[in-house]
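Asker: Next comes entry35.cif, mmCIF, C-alpha atoms:
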data_work
loop_
_atom_site.group_PDB
_atom_site.id
_atom_site.type_symbol
_atom_site.label_atom_id
_atom_site.label_comp_id
_atom_site.auth_asym_id
_atom_site.auth_seq_id
_atom_site.Cartn_x
_atom_site.Cartn_y
_atom_site.Cartn_z
ATOM 1 C CA MET A 8 175.357 39.245 -17.939
ATOM 2 C CA ASN A 9 177.459 42.357 -18.221
ATOM 3 C CA THR A 10 176.196 45.911 -17.730
ATOM 4 C CA ARG A 11 176.039 46.662 -21.464
ATOM 5 C CA ASN A 12 173.777 43.653 -22.135
ATOM 6 C CA ILE A 13 171.559 44.614 -19.213
ATOM 7 C CA LEU A 14 171.231 48.179 -20.540
ATOM 8 C CA LYS A 15 170.415 46.913 -24.041
ATOM 9 C CA THR A 16 167.777 44.572 -22.620
ATOM 10 C CA LEU A 17 166.199 47.317 -20.501
ATOM 11 C CA MET A 18 166.119 49.705 -23.476
ATOM 12 C CA LEU A 19 164.509 47.076 -25.701
ATOM 13 C CA ILE A 20 161.886 46.311 -23.074
ATOM 14 C CA SER A 21 161.143 50.036 -22.691
ATOM 15 C CA VAL A 22 160.675 50.542 -26.423
ATOM 16 C CA ILE A 23 158.458 47.462 -26.715
ATOM 17 C CA LEU A 24 156.324 48.666 -23.803
ATOM 18 C CA CYS A 25 155.994 52.107 -25.421
ATOM 19 C CA LEU A 26 154.973 50.503 -28.717
ATOM 20 C CA ILE A 27 152.401 48.295 -26.982
ATOM 21 C CA LEU A 28 150.995 51.183 -24.962
ATOM 22 C CA SER A 29 150.769 53.483 -27.949
ATOM 23 C CA ALA A 30 149.166 50.776 -30.077
ATOM 24 C CA SER A 31 146.491 50.237 -27.437
ATOM 25 C CA CYS A 32 145.803 53.993 -27.362
ATOM 26 C CA ALA A 33 145.683 54.346 -31.148
ATOM 27 C CA LYS A 34 142.436 55.524 -32.719
ATOM 28 C CA THR A 35 140.318 52.646 -34.010
ATOM 29 C CA PRO A 36 138.580 53.493 -37.297
ATOM 30 C CA SER A 37 134.795 53.461 -37.311
ATOM 31 C CA ASP A 38 132.877 51.101 -39.609
ATOM 32 C CA SER A 39 132.500 53.854 -42.219
ATOM 33 C CA GLU A 40 136.236 54.649 -42.089
ATOM 34 C CA GLN A 41 137.105 50.966 -42.430
ATOM 35 C CA GLY A 42 135.100 50.845 -45.622
ATOM 36 C CA GLN A 43 137.314 53.589 -47.056
ATOM 37 C CA THR A 44 140.571 51.674 -46.553
ATOM 38 C CA THR A 45 141.626 48.770 -48.716
ATOM 39 C CA ALA A 46 141.630 45.280 -47.257
ATOM 40 C CA GLY A 47 144.761 44.482 -45.259
ATOM 41 C CA LYS A 48 146.003 48.084 -45.241
ATOM 42 C CA THR A 49 145.659 50.735 -42.580
ATOM 43 C CA ASP A 50 145.295 54.477 -42.870
ATOM 44 C CA PRO A 51 148.657 55.920 -41.725
ATOM 45 C CA ALA A 52 146.913 59.006 -40.313
ATOM 46 C CA SER A 53 144.957 56.867 -37.870
ATOM 47 C CA ASP A 54 147.761 54.451 -36.980
ATOM 48 C CA SER A 55 150.132 55.546 -34.207
ATOM 49 C CA THR A 56 153.259 53.477 -33.637
ATOM 50 C CA SER A 57 154.700 55.265 -30.639
ATOM 51 C CA GLU A 58 154.135 58.169 -28.351
ATOM 52 C CA THR A 59 155.587 61.210 -30.036
ATOM 53 C CA THR A 60 157.046 64.416 -28.754
ATOM 54 C CA SER A 61 158.315 67.348 -30.731
ATOM 55 C CA SER A 62 161.646 65.565 -31.159
ATOM 56 C CA ASP A 63 160.376 61.998 -31.695
ATOM 57 C CA THR A 64 158.436 60.905 -34.740
ATOM 58 C CA ALA A 65 157.140 57.609 -36.016
ATOM 59 C CA ALA A 66 156.182 56.976 -39.580
ATOM 60 C CA ASP A 67 154.639 54.191 -41.551
ATOM 61 C CA PRO A 68 155.384 54.884 -45.203
ATOM 62 C CA LYS A 69 153.980 52.454 -47.758
ATOM 63 C CA PRO A 70 156.553 49.745 -48.488
ATOM 64 C CA GLU A 71 157.571 49.414 -52.128
ATOM 65 C CA ASP A 72 156.164 45.886 -52.275
ATOM 66 C CA ASP A 73 153.374 45.472 -49.759
ATOM 67 C CA GLY A 74 152.816 41.884 -50.940
ATOM 68 C CA ILE A 75 156.078 40.825 -49.275
ATOM 69 C CA ILE A 76 156.060 43.349 -46.449
ATOM 70 C CA LYS A 77 152.760 44.100 -44.748
ATOM 71 C CA LYS A 78 154.028 47.012 -42.677
ATOM 72 C CA ILE A 79 157.226 48.858 -41.819
ATOM 73 C CA GLN A 80 157.270 51.260 -38.884
ATOM 74 C CA VAL A 81 160.303 53.451 -38.367
ATOM 75 C CA VAL A 82 160.863 55.490 -35.210
ATOM 76 C CA SER A 83 163.277 58.410 -35.135
ATOM 77 C CA ASP A 84 164.169 61.513 -33.185
ATOM 78 C CA ASP A 85 165.880 64.736 -34.216
ATOM 79 C CA VAL A 86 169.202 62.868 -34.562
ATOM 80 C CA GLY A 87 168.028 59.895 -36.663
ATOM 81 C CA ILE A 88 166.406 56.462 -36.831
ATOM 82 C CA TYR A 89 166.653 54.302 -33.719
ATOM 83 C CA SER A 90 163.973 51.627 -34.099
ATOM 84 C CA THR A 91 162.240 49.666 -36.842
ATOM 85 C CA VAL A 92 159.319 47.251 -36.667
ATOM 86 C CA ILE A 93 158.777 45.065 -39.719
ATOM 87 C CA THR A 94 155.799 42.767 -40.368
ATOM 88 C CA LEU A 95 155.925 40.231 -43.183
ATOM 89 C CA GLY A 96 153.047 40.160 -45.701
ATOM 90 C CA LYS A 97 151.032 37.162 -46.824
ATOM 91 C CA ASN A 98 152.668 37.039 -50.274
ATOM 92 C CA ALA A 99 156.159 36.391 -48.911
ATOM 93 C CA ALA A 100 157.716 32.987 -49.429
ATOM 94 C CA ASP A 101 157.292 30.365 -46.688
ATOM 95 C CA LYS A 102 161.009 30.647 -45.991
ATOM 96 C CA GLY A 103 163.358 33.556 -46.501
ATOM 97 C CA VAL A 104 165.661 36.269 -45.217
ATOM 98 C CA ILE A 105 165.110 39.971 -44.564
ATOM 99 C CA GLU A 106 168.178 42.176 -44.088
ATOM 100 C CA MET A 107 168.083 45.728 -42.770
ATOM 101 C CA ILE A 108 171.157 47.862 -43.392
ATOM 102 C CA TYR A 109 171.448 51.242 -41.644
ATOM 103 C CA THR A 110 173.972 53.981 -42.403
ATOM 104 C CA GLY A 111 175.042 56.758 -40.043
ATOM 105 C CA ALA A 112 173.074 59.973 -39.606
ATOM 106 C CA LYS A 113 174.182 63.124 -41.400
ATOM 107 C CA GLY A 114 176.686 65.196 -39.458
ATOM 108 C CA THR A 115 177.922 62.259 -37.373
ATOM 109 C CA PRO A 116 181.317 60.546 -37.623
ATOM 110 C CA GLN A 117 179.452 57.458 -38.950
ATOM 111 C CA GLU A 118 177.821 59.317 -41.871
ATOM 112 C CA ASP A 119 177.832 57.129 -45.015
ATOM 113 C CA SER A 120 179.131 54.134 -43.012
ATOM 114 C CA VAL A 121 177.130 51.049 -42.052
ATOM 115 C CA VAL A 122 176.233 51.528 -38.392
ATOM 116 C CA ASN A 123 173.792 48.669 -37.906
ATOM 117 C CA THR A 124 172.869 45.435 -39.637
ATOM 118 C CA PHE A 125 169.879 43.350 -38.664
ATOM 119 C CA ARG A 126 169.026 40.012 -40.274
ATOM 120 C CA ILE A 127 165.784 38.053 -39.971
ATOM 121 C CA GLU A 128 165.656 34.402 -41.048
ATOM 122 C CA TYR A 129 162.204 32.835 -40.981
ATOM 123 C CA SER A 130 160.422 29.661 -42.046
ATOM 124 C CA LYS A 131 156.798 28.511 -41.899
ATOM 125 C CA ASP A 132 156.038 24.995 -40.643
ATOM 126 C CA GLU A 133 153.260 22.644 -41.803
ATOM 127 C CA ASN A 134 150.887 24.180 -39.202
ATOM 128 C CA GLY A 135 151.326 27.676 -40.623
ATOM 129 C CA LYS A 136 153.444 28.851 -37.666
ATOM 130 C CA TYR A 137 156.725 30.690 -38.063
ATOM 131 C CA ASP A 138 160.134 30.052 -36.586
ATOM 132 C CA ILE A 139 162.163 33.267 -36.579
ATOM 133 C CA SER A 140 165.851 33.850 -35.898
ATOM 134 C CA THR A 141 167.316 37.343 -35.789
ATOM 135 C CA PHE A 142 170.917 38.502 -35.902
ATOM 136 C CA PHE A 143 172.159 41.886 -34.653
ATOM 137 C CA TYR A 144 175.596 42.864 -36.009
ATOM 138 C CA GLY A 145 176.013 39.253 -37.125
ATOM 139 C CA GLU A 146 175.428 37.825 -33.638
ATOM 140 C CA VAL A 147 172.373 35.791 -32.653
ATOM 141 C CA TYR A 148 169.848 38.195 -31.171
ATOM 142 C CA GLN A 149 166.548 36.350 -30.682
ATOM 143 C CA ASN A 150 164.938 33.052 -31.586
ATOM 144 C CA GLN A 151 161.140 32.850 -31.695
ATOM 145 C CA ARG A 152 159.187 29.649 -32.293
ATOM 146 C CA GLY A 153 155.564 28.983 -33.267
ATOM 147 C CA LYS A 154 154.605 32.605 -34.071
ATOM 148 C CA GLU A 155 151.413 33.518 -35.954
ATOM 149 C CA GLU A 156 153.257 36.089 -38.102
ATOM 150 C CA VAL A 157 156.727 37.412 -38.723
ATOM 151 C CA LYS A 158 156.820 40.697 -36.788
ATOM 152 C CA VAL A 159 160.228 41.786 -35.537
ATOM 153 C CA VAL A 160 161.445 44.860 -33.621
ATOM 154 C CA ASN A 161 164.983 46.191 -34.106
ATOM 155 C CA THR A 162 166.001 48.920 -31.630
ATOM 156 C CA PHE A 163 169.488 50.336 -31.125
ATOM 157 C CA ASP A 164 171.062 51.694 -27.969
ATOM 158 C CA ALA A 165 170.924 55.407 -27.158
ATOM 159 C CA SER A 166 174.363 56.197 -28.565
ATOM 160 C CA LEU A 167 173.492 55.194 -32.137
ATOM 161 C CA ARG A 168 171.258 56.875 -34.705
ATOM 162 C CA ALA A 169 170.948 55.947 -38.355
ATOM 163 C CA GLY A 170 170.530 58.307 -41.275
ATOM 164 C CA ASP A 171 168.778 55.820 -43.519
ATOM 165 C CA ILE A 172 167.553 52.248 -43.808
ATOM 166 C CA THR A 173 167.610 49.845 -46.749
ATOM 167 C CA VAL A 174 165.670 46.568 -46.550
ATOM 168 C CA PHE A 175 166.548 43.561 -48.694
ATOM 169 C CA TYR A 176 164.469 40.395 -49.118
ATOM 170 C CA THR A 177 165.661 36.984 -50.295
ATOM 171 C CA PRO A 178 163.064 34.212 -50.674
ATOM 172 C CA ASP A 179 164.435 30.702 -50.147
ATOM 173 C CA GLY A 180 166.175 29.721 -53.379
ATOM 174 C CA GLY A 181 165.542 33.165 -54.896
ATOM 175 C CA GLU A 182 167.552 36.270 -55.575
ATOM 176 C CA LYS A 183 168.218 39.101 -53.134
ATOM 177 C CA GLN A 184 166.163 42.215 -53.904
ATOM 178 C CA GLU A 185 165.890 45.680 -52.405
ATOM 179 C CA ILE A 186 162.279 46.174 -51.254
ATOM 180 C CA TYR A 187 162.401 49.329 -49.143
ATOM 181 C CA LYS A 188 164.591 52.373 -48.638
ATOM 182 C CA ALA A 189 163.988 55.420 -46.458
ATOM 183 C CA ASP A 190 165.920 58.409 -45.178
ATOM 184 C CA ALA A 191 165.641 59.587 -41.556
ATOM 185 C CA GLU A 192 164.516 63.019 -42.753
ATOM 186 C CA GLN A 193 161.257 61.424 -43.995
ATOM 187 C CA PHE A 194 160.317 60.728 -40.384
ATOM 188 C CA MET A 195 161.250 64.075 -38.860
ATOM 189 C CA GLN A 196 158.713 66.885 -38.597
#
Go ahead and render the structure in this file as structure tokens.

Answerer:
Amino acid sequence: MNTRNILKTLMLISVILCLILSASCAKTPSDSEQGQTTAGKTDPASDSTSETTSSDTAADPKPEDDGIIKKIQVVSDDVGIYSTVITLGKNAADKGVIEMIYTGAKGTPQEDSVVNTFRIEYSKDENGKYDISTFFYGEVYQNQRGKEEVKVVNTFDASLRAGDITVFYTPDGGEKQEIYKADAEQFMQ
């Protein structure tokens, strides 16, 4: 394994650990607060996706079609987007493809150019478990088998920041459709 792959792996592990730690520290709504939220949705004000500093922010805007996508969490800093967590909703097809296309942050040499592509191919088996394959820049990234849900993390290395993200969904045998679009400025405070 070369040094670049080791660094990418260490960065991914660090981000995942931060997400896990912050999720375990997140405020849990009381019974009365839970009654105020709709079933299957969370209150973004009470849901923290990562530890934040003045330069890092995490946001969980409502996806355009929350029947296909249950939750999208985008993490950015003052330069741009560097991580996305996507969780598939219950109304998605049993088999399909999710594509995330990122363009460069404003003021960078990559502005208005595709700087990152991430593809998720998934299928549900007869036991209701998912097999998931992901592709980073067209190369095989991860394969997961027998998962309870489709929840995938896409994190880039420190030298790359995206200005926006567009998410496309293609159900097996269906047509490709844009289901989510966000600009990095939405996540900066």

Asker: Figure out the distance between atom CA of Ile75 of chain A and atom CA of Glu133 of chain A, please, to one decimal in Å.

Answerer: 19.9 Å

Asker: Have a look at atom CA of Ile76 of chain A and atom CA of Glu118 of chain A and let me know their distance in Å, one decimal.

Answerer: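 Between these atoms lies a distance of 27.4 Å.
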
Asker: Please list, as a list of chain:residue names, the residues that have an atom at most 10 Å away from (150.2, 26.7, -37.4) in the coordinates of this file, counting all atoms listed in the file.

Answerer: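 So the residues meeting the distance criterion are A:Lys131, A:Asp132, A:Glu133, A:Asn134, A:Gly135, A:Lys136, A:Tyr137, A:Gly153, A:Lys154, A:Glu155, A:Glu156.
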
Asker: I would like the residues chosen by the PyMOL selection byres ((chain A and resi 178-190) around 7) on the shown file; could you give them as a list in words?

Answerer: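 So the PyMOL selection byres ((chain A and resi 178-190) around 7) ends up selecting Pro70, Glu71, Asp72, Ala100, Lys102, Gly103, Val104, Gly170, Asp171, Ile172, Thr173, Val174, Phe175, Tyr176, Thr177, Ala191, Glu192 and Gln193 of chain A.
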
Asker: Which residue, A:Gly145, A:Gly111, A:Gly96, A:Pro116, has the smallest gap to Lys78 of chain A when you use only C-alpha atoms?

Answerer: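 Nearest to Lys78 of chain A: A:Gly96.
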
Asker: Can you turn the PyMOL selection byres ((chain A and resi 139) around 6) into a concrete residue list for this file, as a ChimeraX atom specification?

Answerer: /A:128-129,138,140,150-151

Asker: Would you mind reading off the distance between atom CA of Lys77 of chain A and atom CA of Thr141 of chain A, one decimal, in Å?

Answerer: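 Between these atoms lies a distance of 18.4 Å.
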
Asker: Go through the shown structure with the PyMOL selection byres ((chain A and resi 157-159) around 6) and write out the matching residues as a list of chain:residue names.

Answerer: A:Val92, A:Ile93, A:Thr94, A:Leu95, A:Glu156, A:Val160

Asker: Restricting the calculation to all atoms listed in the file: of A:Ala169, A:Ala112, A:Gly74, A:Asp119, which residue gets closest to Lys97 of chain A?

Answerer: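 Among the listed residues, A:Gly74 lies closest to Lys97 of chain A.
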
Asker: For segment 75-90 of chain A, what centre and edge lengths in Å (one decimal) does the axis-aligned box get once 6 Å is added on each side of all its listed atoms, as JSON?

Answerer:
{"center_x": 161.0, "center_y": 52.8, "center_z": -41.2, "size_x": 28.4, "size_y": 35.9, "size_z": 28.1}

Asker: Which residue out of A:Asp164, A:Phe143, A:Gly87, A:Ser130 has the minimum interatomic distance to Glu106 of chain A when all atoms listed in the file are used?

Answerer: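 For Glu106 of chain A, the nearest of the given residues is A:Phe143.
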